[in-house]
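**Student:** model_12.cif (mmCIF, C-alpha atoms and all ligand atoms) pasted underneath:
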```cif
data_work
#
loop_
_atom_site.label_atom_id
_atom_site.label_comp_id
_atom_site.auth_asym_id
_atom_site.auth_seq_id
_atom_site.Cartn_x
_atom_site.Cartn_y
_atom_site.Cartn_z
CA MET A 1 10.40 33.61 83.55
CA GLN A 2 13.60 35.14 82.31
CA GLN A 3 14.78 35.67 85.87
CA SER A 4 14.28 32.07 86.91
CA ASP A 5 15.83 30.77 83.69
CA GLU A 6 18.83 32.89 84.43
CA GLY A 7 18.89 31.73 88.03
CA ARG A 8 18.81 28.09 87.03
CA GLU A 9 21.62 28.56 84.57
CA ARG A 10 23.69 30.26 87.23
CA LEU A 11 23.16 27.42 89.71
CA ARG A 12 24.05 24.89 87.06
CA ARG A 13 27.28 26.72 86.36
CA LEU A 14 28.19 26.93 90.05
CA ARG A 15 27.35 23.29 90.60
CA ASP A 16 29.70 22.22 87.83
CA GLU A 17 32.46 24.33 89.23
CA ILE A 18 31.98 23.00 92.77
CA LYS A 19 32.17 19.45 91.46
CA GLU A 20 35.47 20.24 89.83
CA ARG A 21 37.02 21.74 92.91
CA ILE A 22 35.56 19.94 95.91
CA ASP A 23 37.55 17.33 97.82
CA TYR A 24 34.94 14.63 98.49
CA ARG A 25 36.95 13.00 101.27
CA SER A 26 37.26 16.07 103.43
CA PHE A 27 33.65 17.01 102.71
CA TYR A 28 32.19 13.71 103.94
CA LEU A 29 34.67 13.40 106.81
CA ARG A 30 33.22 16.56 108.28
CA TYR A 31 29.98 14.70 108.90
CA CYS A 32 30.91 11.11 109.53
CA ARG A 33 33.77 8.83 110.50
CA PRO A 34 34.66 5.68 108.59
CA ALA A 35 33.51 2.64 110.56
CA ASN A 36 36.64 0.74 109.65
CA GLU A 37 39.91 2.02 108.22
CA GLN A 38 39.93 0.18 104.96
CA ALA A 39 42.83 -0.25 102.62
CA SER A 40 40.63 0.87 99.78
CA GLN A 41 40.42 4.64 99.86
CA ALA A 42 37.69 4.87 97.29
CA ARG A 43 34.79 3.84 99.51
CA PHE A 44 33.88 3.70 103.16
CA GLN A 45 30.96 2.82 105.41
CA ALA A 46 29.82 4.97 108.31
CA LEU A 47 27.01 5.44 110.77
CA CYS A 48 24.49 7.59 108.94
CA PRO A 49 24.34 11.12 110.41
CA VAL A 50 21.35 12.38 108.38
CA PRO A 51 19.08 13.94 111.03
CA SER A 52 15.78 13.19 109.29
CA HIS A 53 16.65 9.49 109.12
CA ASN A 54 16.42 9.25 112.90
CA HIS A 55 18.91 6.43 113.23
CA SER A 56 19.36 5.10 116.74
CA GLY A 57 23.15 5.41 116.50
CA ARG A 58 23.52 1.76 117.36
CA GLY A 59 23.43 -1.05 114.84
CA ASN A 60 25.41 -1.41 111.66
CA PRO A 61 26.82 1.48 109.67
CA SER A 62 24.20 2.04 106.95
CA LEU A 63 25.85 4.84 105.06
CA SER A 64 28.08 4.06 102.11
CA ILE A 65 30.26 6.76 100.59
CA ASP A 66 31.79 6.53 97.13
CA LEU A 67 34.67 8.98 97.20
CA GLY A 68 35.53 8.46 93.54
CA ARG A 69 32.19 9.83 92.40
CA GLY A 70 31.27 11.79 95.51
CA LEU A 71 28.05 9.87 96.08
CA PHE A 72 26.39 8.62 99.25
CA HIS A 73 23.73 6.04 99.94
CA CYS A 74 21.92 5.11 103.14
CA PHE A 75 20.83 1.50 102.83
CA SER A 76 18.65 1.68 105.86
CA ARG A 77 16.40 4.47 104.46
CA ASP A 78 17.24 3.83 100.82
CA GLU A 79 18.19 7.40 100.20
CA GLY A 80 21.22 8.69 98.37
CA GLY A 81 22.66 11.26 96.05
CA ASP A 82 25.54 13.64 95.53
CA VAL A 83 27.27 16.13 97.83
CA PHE A 84 24.55 18.74 97.25
CA ARG A 85 21.81 16.35 98.29
CA PHE A 86 23.87 15.37 101.31
CA TYR A 87 24.36 19.01 102.28
CA GLU A 88 20.62 19.63 101.88
CA LEU A 89 19.79 16.74 104.17
CA MET A 90 22.41 17.60 106.77
CA HIS A 91 21.49 21.28 107.00
CA ASP A 92 17.83 21.06 106.02
CA VAL A 93 18.25 23.63 103.24
CA SER A 94 17.22 23.97 99.60
CA PHE A 95 19.30 22.92 96.62
CA GLY A 96 20.04 26.56 95.77
CA ARG A 97 21.19 27.30 99.29
CA ALA A 98 23.42 24.21 99.27
CA ILE A 99 25.08 25.35 96.06
CA ASN A 100 25.59 28.89 97.29
CA ASP A 101 27.01 27.75 100.66
CA LEU A 102 29.44 25.32 99.08
CA ALA A 103 30.48 27.84 96.43
CA ARG A 104 31.24 30.36 99.14
CA GLU A 105 33.24 27.81 101.14
CA LEU A 106 35.30 27.00 98.08
CA ARG A 107 35.63 30.69 97.22
CA ILE A 108 34.11 30.20 93.80
CA GLU A 109 33.26 33.56 92.36
CA ASP A 110 29.90 33.99 90.82
CA SER A 111 30.76 35.58 87.52
CA SER A 112 27.15 36.33 86.63
CA LYS A 113 26.77 38.38 89.80
CA GLN A 114 29.70 40.56 88.93
CA LEU A 115 28.47 41.40 85.47
CA PRO A 116 24.82 42.30 84.90
CA LEU A 117 23.20 41.11 81.70
CA ARG A 118 23.27 44.51 80.07
CA PHE A 119 27.07 44.37 80.19
CA ARG A 120 27.31 40.80 79.08
CA ALA A 121 25.06 41.72 76.15
CA ALA A 122 27.16 44.72 75.15
CA PRO A 123 28.60 44.61 71.65
CA ASP A 124 32.36 44.07 71.52
CA ALA A 125 34.19 47.36 71.79
CA GLU A 126 36.44 48.34 68.93
CA ALA A 127 39.34 48.04 71.35
CA THR A 128 38.70 44.34 72.07
CA GLN A 129 38.33 43.71 68.40
CA GLN A 130 41.73 45.24 67.84
CA SER A 131 43.40 43.43 70.69
CA GLY A 132 43.20 39.98 69.25
CA GLN A 133 39.48 39.25 69.20
CA THR A 134 39.01 39.84 65.52
CA TYR A 135 36.33 38.16 63.54
CA GLU A 136 36.49 37.41 59.90
CA PRO A 137 33.46 38.93 58.19
CA LEU A 138 30.67 36.52 57.42
CA ASP A 139 29.88 36.05 53.74
CA ALA A 140 26.75 37.70 52.41
CA GLU A 141 24.80 34.47 52.08
CA ARG A 142 25.29 33.44 55.72
CA MET A 143 24.84 36.99 56.97
CA GLY A 144 21.46 37.03 55.23
CA ARG A 145 20.51 33.71 56.83
CA VAL A 146 21.43 34.96 60.30
CA CYS A 147 19.36 38.13 59.79
CA GLU A 148 16.36 36.26 58.45
CA MET A 149 16.36 33.76 61.27
CA PHE A 150 16.74 36.44 63.91
CA LEU A 151 13.81 38.38 62.46
CA GLU A 152 11.73 35.23 62.26
CA VAL A 153 12.42 34.28 65.87
CA CYS A 154 11.66 37.81 67.08
CA ARG A 155 8.41 37.90 65.11
CA GLU A 156 7.13 35.01 67.17
CA GLU A 157 7.23 37.33 70.17
CA GLU A 158 4.72 40.04 71.02
CA GLN A 159 4.99 42.83 68.42
CA ALA A 160 2.43 45.34 69.68
CA GLU A 161 4.87 47.66 71.47
CA GLY A 162 6.94 48.20 68.34
CA ILE A 163 3.93 48.71 66.09
CA ASN A 164 2.46 51.25 68.52
CA TYR A 165 5.73 53.14 68.64
CA LEU A 166 5.81 53.54 64.87
CA GLN A 167 2.11 54.29 64.57
CA ARG A 168 2.51 57.14 67.02
CA ARG A 169 4.98 58.53 64.49
CA GLY A 170 2.46 58.32 61.70
CA ILE A 171 3.67 55.13 60.07
CA ASP A 172 0.75 52.81 59.37
CA SER A 173 0.70 49.07 59.95
CA ARG A 174 0.66 48.27 56.22
CA THR A 175 3.91 50.16 55.70
CA ILE A 176 5.42 48.53 58.80
CA LYS A 177 4.53 45.11 57.51
CA ARG A 178 5.77 45.76 54.01
CA ALA A 179 9.10 47.02 55.36
CA GLY A 180 9.42 43.89 57.49
CA ILE A 181 10.03 45.92 60.64
CA THR A 182 10.22 43.65 63.63
CA TYR A 183 10.07 44.27 67.34
CA TYR A 184 12.46 42.54 69.66
CA PRO A 185 11.07 42.41 73.21
CA ARG A 186 13.87 42.35 75.74
CA ARG A 187 12.02 40.03 78.09
CA ALA A 188 12.49 37.34 75.41
CA TYR A 189 16.26 37.83 75.44
CA ARG A 190 17.16 34.37 76.74
CA ARG A 191 14.68 32.57 74.58
CA ILE A 192 15.77 34.34 71.41
CA MET A 193 19.44 33.83 72.23
CA ARG A 194 18.82 30.13 72.72
CA ARG A 195 16.96 29.82 69.44
CA MET A 196 19.80 31.48 67.58
CA ASN A 197 22.31 29.22 69.32
CA GLU A 198 20.36 26.21 68.17
CA SER A 199 20.29 27.39 64.57
CA PHE A 200 23.85 28.57 63.95
CA ALA A 201 27.40 27.82 64.98
CA LEU A 202 28.64 30.25 67.64
CA ASP A 203 31.43 31.31 65.33
CA GLU A 204 28.96 32.46 62.68
CA LEU A 205 26.87 34.34 65.22
CA GLN A 206 29.96 36.13 66.48
CA ARG A 207 31.24 36.92 63.04
CA SER A 208 27.89 38.44 62.10
CA GLY A 209 28.00 40.65 65.19
CA LEU A 210 24.72 39.25 66.49
CA PHE A 211 26.68 37.66 69.34
CA ASN A 212 29.68 39.12 71.16
CA SER A 213 32.87 37.48 72.38
CA ARG A 214 31.08 36.69 75.67
CA GLU A 215 28.78 34.48 73.62
CA HIS A 216 25.79 36.70 74.29
CA LEU A 217 23.24 38.18 71.98
CA THR A 218 24.19 41.83 71.41
CA PHE A 219 20.70 43.04 70.55
CA TYR A 220 19.49 44.11 73.95
CA ARG A 221 18.73 47.80 74.25
CA HIS A 222 17.76 48.42 70.62
CA ARG A 223 14.44 46.84 69.94
CA LEU A 224 13.11 48.01 66.61
CA LEU A 225 14.71 45.97 63.86
CA PHE A 226 14.93 47.30 60.34
CA PRO A 227 15.92 44.79 57.68
CA PHE A 228 17.75 45.88 54.55
CA VAL A 229 16.16 44.05 51.66
CA VAL A 230 17.94 43.88 48.34
CA GLU A 231 16.44 41.84 45.51
CA ASN A 232 13.91 40.38 47.91
CA ARG A 233 16.50 39.10 50.33
CA VAL A 234 17.44 40.42 53.72
CA ILE A 235 21.13 41.26 53.62
CA TYR A 236 21.61 43.33 56.76
CA MET A 237 19.86 44.64 59.80
CA GLN A 238 20.00 47.69 61.96
CA ALA A 239 18.22 48.26 65.24
CA ARG A 240 17.03 51.47 66.81
CA THR A 241 16.25 52.20 70.42
CA THR A 242 12.70 53.15 71.32
CA ALA A 243 13.67 54.54 74.72
CA ALA A 244 14.90 58.02 75.51
CA GLY A 245 18.43 58.43 76.80
CA VAL A 246 19.93 55.33 75.22
CA GLU A 247 23.22 56.06 73.48
CA PRO A 248 24.11 55.15 70.84
CA ARG A 249 20.67 55.26 69.27
CA TRP A 250 21.63 52.50 66.86
CA HIS A 251 22.97 49.04 66.88
CA ASN A 252 23.86 47.03 63.84
CA LEU A 253 25.59 43.95 62.66
CA ARG A 254 29.26 43.94 61.83
CA GLY A 255 30.40 45.78 58.75
CA GLY A 256 29.04 48.99 57.33
CA VAL A 257 25.52 49.54 56.08
CA PRO A 258 25.65 47.80 52.67
CA ALA A 259 22.84 49.54 50.79
CA LEU A 260 20.39 52.38 50.74
CA TYR A 261 17.47 51.64 52.98
CA ASN A 262 14.30 50.65 51.11
CA VAL A 263 16.19 50.39 47.82
CA ASP A 264 14.06 47.43 46.75
CA ALA A 265 11.06 49.74 46.52
CA LEU A 266 12.62 51.20 43.38
CA ALA A 267 12.61 47.94 41.44
CA LYS A 268 9.08 48.32 40.12
CA LEU A 269 9.15 52.07 39.83
CA ALA A 270 8.88 53.62 36.35
CA SER A 271 11.94 55.41 35.01
CA ASN A 272 11.97 59.16 35.48
CA SER A 273 9.85 58.92 38.62
CA ILE A 274 10.81 61.14 41.51
CA VAL A 275 12.78 59.38 44.22
CA TYR A 276 13.47 61.10 47.54
CA LEU A 277 16.76 60.63 49.29
CA VAL A 278 16.28 61.18 53.02
CA GLU A 279 17.96 60.55 56.37
CA GLY A 280 16.88 57.66 58.52
CA PHE A 281 14.24 54.95 58.61
CA THR A 282 11.49 57.14 59.97
CA ASP A 283 11.69 59.69 57.17
CA THR A 284 11.93 56.97 54.53
CA LEU A 285 8.91 55.15 55.88
CA THR A 286 6.93 58.33 56.43
CA LEU A 287 7.22 59.09 52.73
CA ALA A 288 6.49 55.48 51.80
CA ALA A 289 3.35 55.58 53.94
CA HIS A 290 2.15 58.60 51.95
CA GLY A 291 2.82 57.05 48.58
CA PHE A 292 6.16 58.70 47.79
CA ALA A 293 9.14 56.67 46.63
CA ALA A 294 11.97 57.16 49.07
CA VAL A 295 15.30 55.64 49.99
CA GLY A 296 17.19 56.37 53.17
CA LEU A 297 20.71 56.97 54.34
CA VAL A 298 20.99 55.43 57.77
CA GLY A 299 23.67 55.20 60.38
CA ALA A 300 27.12 56.64 60.11
CA GLY A 301 28.70 57.28 56.77
CA GLY A 302 27.00 58.77 53.82
CA LEU A 303 26.01 58.09 50.29
CA ARG A 304 28.35 55.71 48.54
CA GLU A 305 29.35 56.06 44.89
CA ASP A 306 28.50 52.44 44.16
CA TRP A 307 24.87 53.00 45.19
CA LEU A 308 24.32 55.65 42.54
CA PRO A 309 23.77 53.40 39.51
CA LYS A 310 20.53 52.13 41.04
CA LEU A 311 19.27 55.71 41.20
CA ALA A 312 20.41 56.73 37.72
CA ARG A 313 17.08 56.28 35.95
CA PHE A 314 15.12 58.47 38.37
CA GLN A 315 14.78 62.13 39.20
CA ILE A 316 16.37 62.53 42.61
CA CYS A 317 15.09 64.90 45.20
CA LEU A 318 17.18 65.39 48.36
CA ALA A 319 15.19 65.99 51.53
CA LEU A 320 17.85 65.90 54.22
CA ASP A 321 17.60 67.37 57.70
CA PRO A 322 17.61 71.18 57.80
CA ASP A 323 20.63 71.36 60.11
CA GLU A 324 24.21 72.23 59.27
CA ALA A 325 25.23 68.59 58.78
CA GLY A 326 22.25 68.03 56.50
CA ARG A 327 23.01 71.08 54.39
CA ARG A 328 26.66 70.11 54.08
CA ALA A 329 25.71 66.57 53.04
CA ALA A 330 23.21 67.91 50.50
CA ARG A 331 25.91 70.00 48.82
CA ARG A 332 28.27 67.05 48.67
CA TYR A 333 25.67 64.58 47.35
CA ARG A 334 24.54 67.05 44.76
CA GLU A 335 28.06 67.21 43.39
CA MET A 336 28.21 63.42 43.31
CA PHE A 337 25.02 63.28 41.25
CA VAL A 338 25.97 66.15 38.96
CA SER A 339 29.37 64.61 38.20
CA ARG A 340 27.48 61.56 36.97
CA LYS A 341 25.19 63.74 34.90
CA MET A 342 22.22 62.85 37.09
CA GLU A 343 19.50 65.34 37.81
CA VAL A 344 19.02 66.31 41.41
CA ALA A 345 16.84 68.80 43.23
CA CYS A 346 16.94 69.87 46.87
CA LEU A 347 13.94 70.27 49.12
CA GLN A 348 14.26 72.60 52.06
CA LEU A 349 11.80 71.88 54.83
CA SER A 350 11.56 73.61 58.18
CA GLY A 351 12.00 70.33 60.06
CA ASP A 352 12.69 66.75 59.11
CA VAL A 353 10.30 64.88 56.84
CA ASN A 354 8.51 63.10 59.66
CA GLU A 355 7.86 66.35 61.52
CA PHE A 356 6.58 67.92 58.33
CA PHE A 357 4.01 65.18 57.86
CA ARG A 358 2.97 65.03 61.49
CA HIS A 359 2.18 68.69 61.85
CA ARG A 360 0.31 69.40 58.64
CA PRO A 361 -3.09 68.00 57.79
CA SER A 362 -2.47 68.40 54.04
CA ALA A 363 1.22 67.53 54.21
CA ALA A 364 1.19 65.19 51.21
CA LEU A 365 -0.15 67.86 48.89
CA GLU A 366 2.19 70.53 50.26
CA PHE A 367 5.09 68.16 49.92
CA ALA A 368 4.25 67.45 46.27
CA LEU A 369 4.00 71.18 45.56
CA LEU A 370 7.31 71.90 47.27
CA THR A 371 8.88 69.15 45.17
CA GLU A 372 7.52 70.68 42.00
CA ALA A 373 8.96 74.05 42.96
CA ALA A 374 12.35 72.48 43.72
CA MET A 375 12.33 70.70 40.38
CA GLU A 376 11.53 73.93 38.53
CA LYS A 377 14.25 75.78 40.36
CA ARG A 378 16.71 73.10 39.35
CA GLU A 379 15.67 73.35 35.69
CA ILE A 380 16.18 77.09 35.70
CA GLU A 381 19.64 76.58 37.20
CA VAL A 382 20.55 73.96 34.61
CA ARG A 383 19.35 76.21 31.77
CA SER A 384 21.26 79.22 33.02
CA GLN A 385 24.41 77.11 33.38
CA LYS A 386 24.06 75.96 29.77
CA SER A 387 23.58 79.48 28.45
CA GLU A 388 26.68 80.72 30.22
ZN ZN A 401 20.47 7.16 106.98
#
```
What's the structure tokens form of this structure?
**Tutor:**
Amino acid sequence: MQQSDEGRERLRRLRDEIKERIDYRSFYLRYCRPANEQASQARFQALCPVPSHNHSGRGNPSLSIDLGRGLFHCFSRDEGGDVFRFYELMHDVSFGRAINDLARELRIEDSSKQLPLRFRAAPDAEATQQSGQTYEPLDAERMGRVCEMFLEVCREEEQAEGINYLQRRGIDSRTIKRAGITYYPRRAYRRIMRRMNESFALDELQRSGLFNSREHLTFYRHRLLFPFVVENRVIYMQARTTAAGVEPRWHNLRGGVPALYNVDALAKLASNSIVYLVEGFTDTLTLAAHGFAAVGLVGAGGLREDWLPKLARFQICLALDPDEAGRRAARRYREMFVSRKMEVACLQLSGDVNEFFRHRPSAALEFALLTEAAMEKREIEVRSQKSE
């Protein structure tokens, strides 16, 4: 379906370009001679050369050509049309073949052939953004509307592949639904792009980053969509690839990630509860699926100072990845919390949170016990610092 949609659009584009460039007079004169040299150059009559009409070649000229509009009409067989129809009849070929032949004759380049969809869908490179194609950021209200509509349109498509992907990673369907995670099937690319085009001005779509300067939807290779919900409203969206070997792993709208992921989950949480700060959607949702309150740092960049007030009334437990970058980040974040007189403990797992839960049958209990131990360790540290 997508293929033929694309094909039709391509033919339409070529047809328009041919009509702009073709010289109707020389086109029709290739096939027929004016029966009488008229003063008026806009029209002429000729003996009809259309093979399937089987004219005898005697009698009156039955073909009328309108050079102004490029149309023909055979009065004898009551058949007419434009140059493409005429070419079809003369060469006994399809409409598509007629377009392609005429485009080639006129040396019209088929731009869609040169650039496959995956390139046309590519997000604008930083370089192009710097060299003139800059977009003013979209205000939060409109950005939210673009996100919500995109999610809504995608949700009308088949979601099973995305749900299966997450379930294989131990995230249950209830958690998926609550987090509003949406799957974007690539085969619906054209349809989704069209729906977005119908709902928003191109300028807004480009400023949001959902569309690129080529006027194409940029969400193409990254199919799992994670909305950022703050005070019950979607404010941003990031997408993750589900396929191996796709780099970068992420795609997002313009502008930096504006909030902690899953921060809305804290709204109803009692003060002094434990809140885990983790890396990525998967870890955040893994904890959420097991009944732990968690917020996630996702994408490039780290914890921002202005996100801390929302965490101030909780006990924070860092559970970052056990690699060098994770350890470095943990040290830095800890200082950020301590300088604001917030309590923070660090959990050290052997792998990331998702791995921990996938490989242990009693992971939830073990995780709670490890948290308790980390909290105690922190208290001892705090006490010893005070006594110094
Ligand atoms: Zn005819």
**Student:** Counting all atoms listed in the file, note down every residue that has an atom within 12 Å of the point (16.1, 60.7, 46.3) (file coordinates), as a PDB file with C-alpha atoms, in the coordinates of the input.
**Tutor:**
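File written: selection_3.pdb
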```
ATOM      1  CA  LEU A 260      20.390  52.380  50.740  1.00  0.00           C
ATOM      2  CA  TYR A 261      17.470  51.640  52.980  1.00  0.00           C
ATOM      3  CA  ASN A 262      14.300  50.650  51.110  1.00  0.00           C
ATOM      4  CA  VAL A 263      16.190  50.390  47.820  1.00  0.00           C
ATOM      5  CA  LEU A 266      12.620  51.200  43.380  1.00  0.00           C
ATOM      6  CA  ASN A 272      11.970  59.160  35.480  1.00  0.00           C
ATOM      7  CA  SER A 273       9.850  58.920  38.620  1.00  0.00           C
ATOM      8  CA  ILE A 274      10.810  61.140  41.510  1.00  0.00           C
ATOM      9  CA  VAL A 275      12.780  59.380  44.220  1.00  0.00           C
ATOM     10  CA  TYR A 276      13.470  61.100  47.540  1.00  0.00           C
ATOM     11  CA  LEU A 277      16.760  60.630  49.290  1.00  0.00           C
ATOM     12  CA  VAL A 278      16.280  61.180  53.020  1.00  0.00           C
ATOM     13  CA  GLU A 279      17.960  60.550  56.370  1.00  0.00           C
ATOM     14  CA  ASP A 283      11.690  59.690  57.170  1.00  0.00           C
ATOM     15  CA  THR A 284      11.930  56.970  54.530  1.00  0.00           C
ATOM     16  CA  LEU A 287       7.220  59.090  52.730  1.00  0.00           C
ATOM     17  CA  PHE A 292       6.160  58.700  47.790  1.00  0.00           C
ATOM     18  CA  ALA A 293       9.140  56.670  46.630  1.00  0.00           C
ATOM     19  CA  ALA A 294      11.970  57.160  49.070  1.00  0.00           C
ATOM     20  CA  VAL A 295      15.300  55.640  49.990  1.00  0.00           C
ATOM     21  CA  GLY A 296      17.190  56.370  53.170  1.00  0.00           C
ATOM     22  CA  LEU A 297      20.710  56.970  54.340  1.00  0.00           C
ATOM     23  CA  LEU A 303      26.010  58.090  50.290  1.00  0.00           C
ATOM     24  CA  TRP A 307      24.870  53.000  45.190  1.00  0.00           C
ATOM     25  CA  LEU A 308      24.320  55.650  42.540  1.00  0.00           C
ATOM     26  CA  LYS A 310      20.530  52.130  41.040  1.00  0.00           C
ATOM     27  CA  LEU A 311      19.270  55.710  41.200  1.00  0.00           C
ATOM     28  CA  ALA A 312      20.410  56.730  37.720  1.00  0.00           C
ATOM     29  CA  ARG A 313      17.080  56.280  35.950  1.00  0.00           C
ATOM     30  CA  PHE A 314      15.120  58.470  38.370  1.00  0.00           C
ATOM     31  CA  GLN A 315      14.780  62.130  39.200  1.00  0.00           C
ATOM     32  CA  ILE A 316      16.370  62.530  42.610  1.00  0.00           C
ATOM     33  CA  CYS A 317      15.090  64.900  45.200  1.00  0.00           C
ATOM     34  CA  LEU A 318      17.180  65.390  48.360  1.00  0.00           C
ATOM     35  CA  ALA A 319      15.190  65.990  51.530  1.00  0.00           C
ATOM     36  CA  LEU A 320      17.850  65.900  54.220  1.00  0.00           C
ATOM     37  CA  ALA A 330      23.210  67.910  50.500  1.00  0.00           C
ATOM     38  CA  TYR A 333      25.670  64.580  47.350  1.00  0.00           C
ATOM     39  CA  ARG A 334      24.540  67.050  44.760  1.00  0.00           C
ATOM     40  CA  PHE A 337      25.020  63.280  41.250  1.00  0.00           C
ATOM     41  CA  MET A 342      22.220  62.850  37.090  1.00  0.00           C
ATOM     42  CA  GLU A 343      19.500  65.340  37.810  1.00  0.00           C
ATOM     43  CA  VAL A 344      19.020  66.310  41.410  1.00  0.00           C
ATOM     44  CA  ALA A 345      16.840  68.800  43.230  1.00  0.00           C
ATOM     45  CA  CYS A 346      16.940  69.870  46.870  1.00  0.00           C
ATOM     46  CA  LEU A 347      13.940  70.270  49.120  1.00  0.00           C
ATOM     47  CA  THR A 371       8.880  69.150  45.170  1.00  0.00           C
TER      48      THR A 371
END
```
**Student:** Let me make sure I understand: among A:Tyr183, A:Phe44, A:Tyr24, A:Phe72, which one has the smallest atom-to-atom distance to ligand ZN 401 (chain A) if we use all atoms listed in the file?
**Tutor:**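 So, comparing all the options, the nearest one is A:Phe72.
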**Student:** Rank nothing, just name the residue among A:Arg328, A:Lys19, A:His216, A:His53 nearest to ligand ZN 401 (chain A), using all atoms listed in the file.
**Tutor:**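 Closest to ligand ZN 401 (chain A), using all atoms listed in the file: A:His53.
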**Student:** What is the atom CA of Gln385 of chain A-atom CA of Glu305 of chain A distance in Å, reported with one decimal?
**Tutor:**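 Going from atom CA of Gln385 of chain A over to atom CA of Glu305 of chain A, I get 24.5 Å.
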**Student:** Go through chain A residue by residue and, counting all atoms listed in the file, keep those with an atom at most 12 Å from ligand ZN 401 (chain A); for each kept residue give the shortest atom pair and its distance in Å to one decimal, ordered by chain and increasing number, as a tab-separated table.
**Tutor:**
```
residue	atom	partner	partner_atom	distance
A:Cys32	CA	A:ZN401	ZN	11.4
A:Gln45	CA	A:ZN401	ZN	11.5
A:Ala46	CA	A:ZN401	ZN	9.7
A:Leu47	CA	A:ZN401	ZN	7.8
A:Cys48	CA	A:ZN401	ZN	4.5
A:Pro49	CA	A:ZN401	ZN	6.5
A:Val50	CA	A:ZN401	ZN	5.5
A:Pro51	CA	A:ZN401	ZN	8.0
A:Ser52	CA	A:ZN401	ZN	8.0
A:His53	CA	A:ZN401	ZN	5.0
A:Asn54	CA	A:ZN401	ZN	7.5
A:His55	CA	A:ZN401	ZN	6.5
A:Ser56	CA	A:ZN401	ZN	10.0
A:Gly57	CA	A:ZN401	ZN	10.0
A:Gly59	CA	A:ZN401	ZN	11.7
A:Asn60	CA	A:ZN401	ZN	10.9
A:Pro61	CA	A:ZN401	ZN	8.9
A:Ser62	CA	A:ZN401	ZN	6.3
A:Leu63	CA	A:ZN401	ZN	6.2
A:Ser64	CA	A:ZN401	ZN	9.6
A:Ile65	CA	A:ZN401	ZN	11.7
A:Phe72	CA	A:ZN401	ZN	9.8
A:His73	CA	A:ZN401	ZN	7.8
A:Cys74	CA	A:ZN401	ZN	4.6
A:Phe75	CA	A:ZN401	ZN	7.0
A:Ser76	CA	A:ZN401	ZN	5.9
A:Arg77	CA	A:ZN401	ZN	5.5
A:Asp78	CA	A:ZN401	ZN	7.7
A:Glu79	CA	A:ZN401	ZN	7.2
A:Gly80	CA	A:ZN401	ZN	8.8
A:Gly81	CA	A:ZN401	ZN	11.9
A:Phe86	CA	A:ZN401	ZN	10.5
A:Leu89	CA	A:ZN401	ZN	10.0
A:Met90	CA	A:ZN401	ZN	10.6
```
**Student:** Applying 9 Å and all atoms listed in the file, which residues near Asp23 of chain A remain after dropping the ones on its own chain fewer than 5 positions away? List them as a list of chain:residue names.
**Tutor:**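 These residues fall inside the cut-off: A:Tyr28, A:Leu67, A:Gly70.
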**Student:** If I take atom CA of Tyr220 of chain A and atom CA of Ala259 of chain A, how far is one from the other in Å, to one decimal?
**Tutor:** 24.0 Å
**Student:** Applying 8 Å and only C-alpha atoms, which residues near Arg221 of chain A remain after dropping the ones on its own chain fewer than 4 positions away? List them as a list in words.
**Tutor:** Arg186, Thr241 and Val246 of chain A
**Student:** Extract, using only C-alpha atoms, all DNA, RNA and protein residues at most 12 Å from Arg191 of chain A, discarding same-chain residues fewer than 4 positions from it, and format them as a list in words.
**Tutor:**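 Result of the neighbour search: Met1, Gln2, Gln3, Asp5, Glu6, Phe150, Val153, Cys154, Glu156, Glu157, Tyr184, Pro185, Arg186, Arg187, Arg195, Met196, Asn197, Glu198, His216 and Leu217 of chain A.
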**Student:** Using only C-alpha atoms, can you list as a list in words the residues within 10 Å of (7.8, 66.1, 60.2)?
**Tutor:**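 Answer for this query, in the requested form: Arg169, Gly170, Thr282, Asp283, Thr286, Leu349, Ser350, Gly351, Asp352, Val353, Asn354, Glu355, Phe356, Phe357, Arg358, His359, Arg360 and Ala363 of chain A.
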**Student:** In terms of the shortest atom-to-atom distance over all atoms listed in the file, which of A:Pro34, A:Pro123, A:Gly245, A:Gly180 is closest to Gln206 of chain A?
**Tutor:**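 Going through A:Pro34, A:Pro123, A:Gly245, A:Gly180 one by one, the smallest distance to Gln206 of chain A is for A:Pro123.
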**Student:** Looking at A:Ala42, A:Ile108, A:Ala160, A:Ala188, which one is nearest to Asp66 of chain A, with distances taken over all atoms listed in the file?
**Tutor:**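 Under the stated criterion, the closest residue is A:Ala42.
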**Student:** What does the distance from atom CA of Phe219 of chain A to atom CA of Trp250 of chain A come to in Å, to one decimal?
**Tutor:**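 Rounded to one decimal, the two atoms are 10.2 Å apart.
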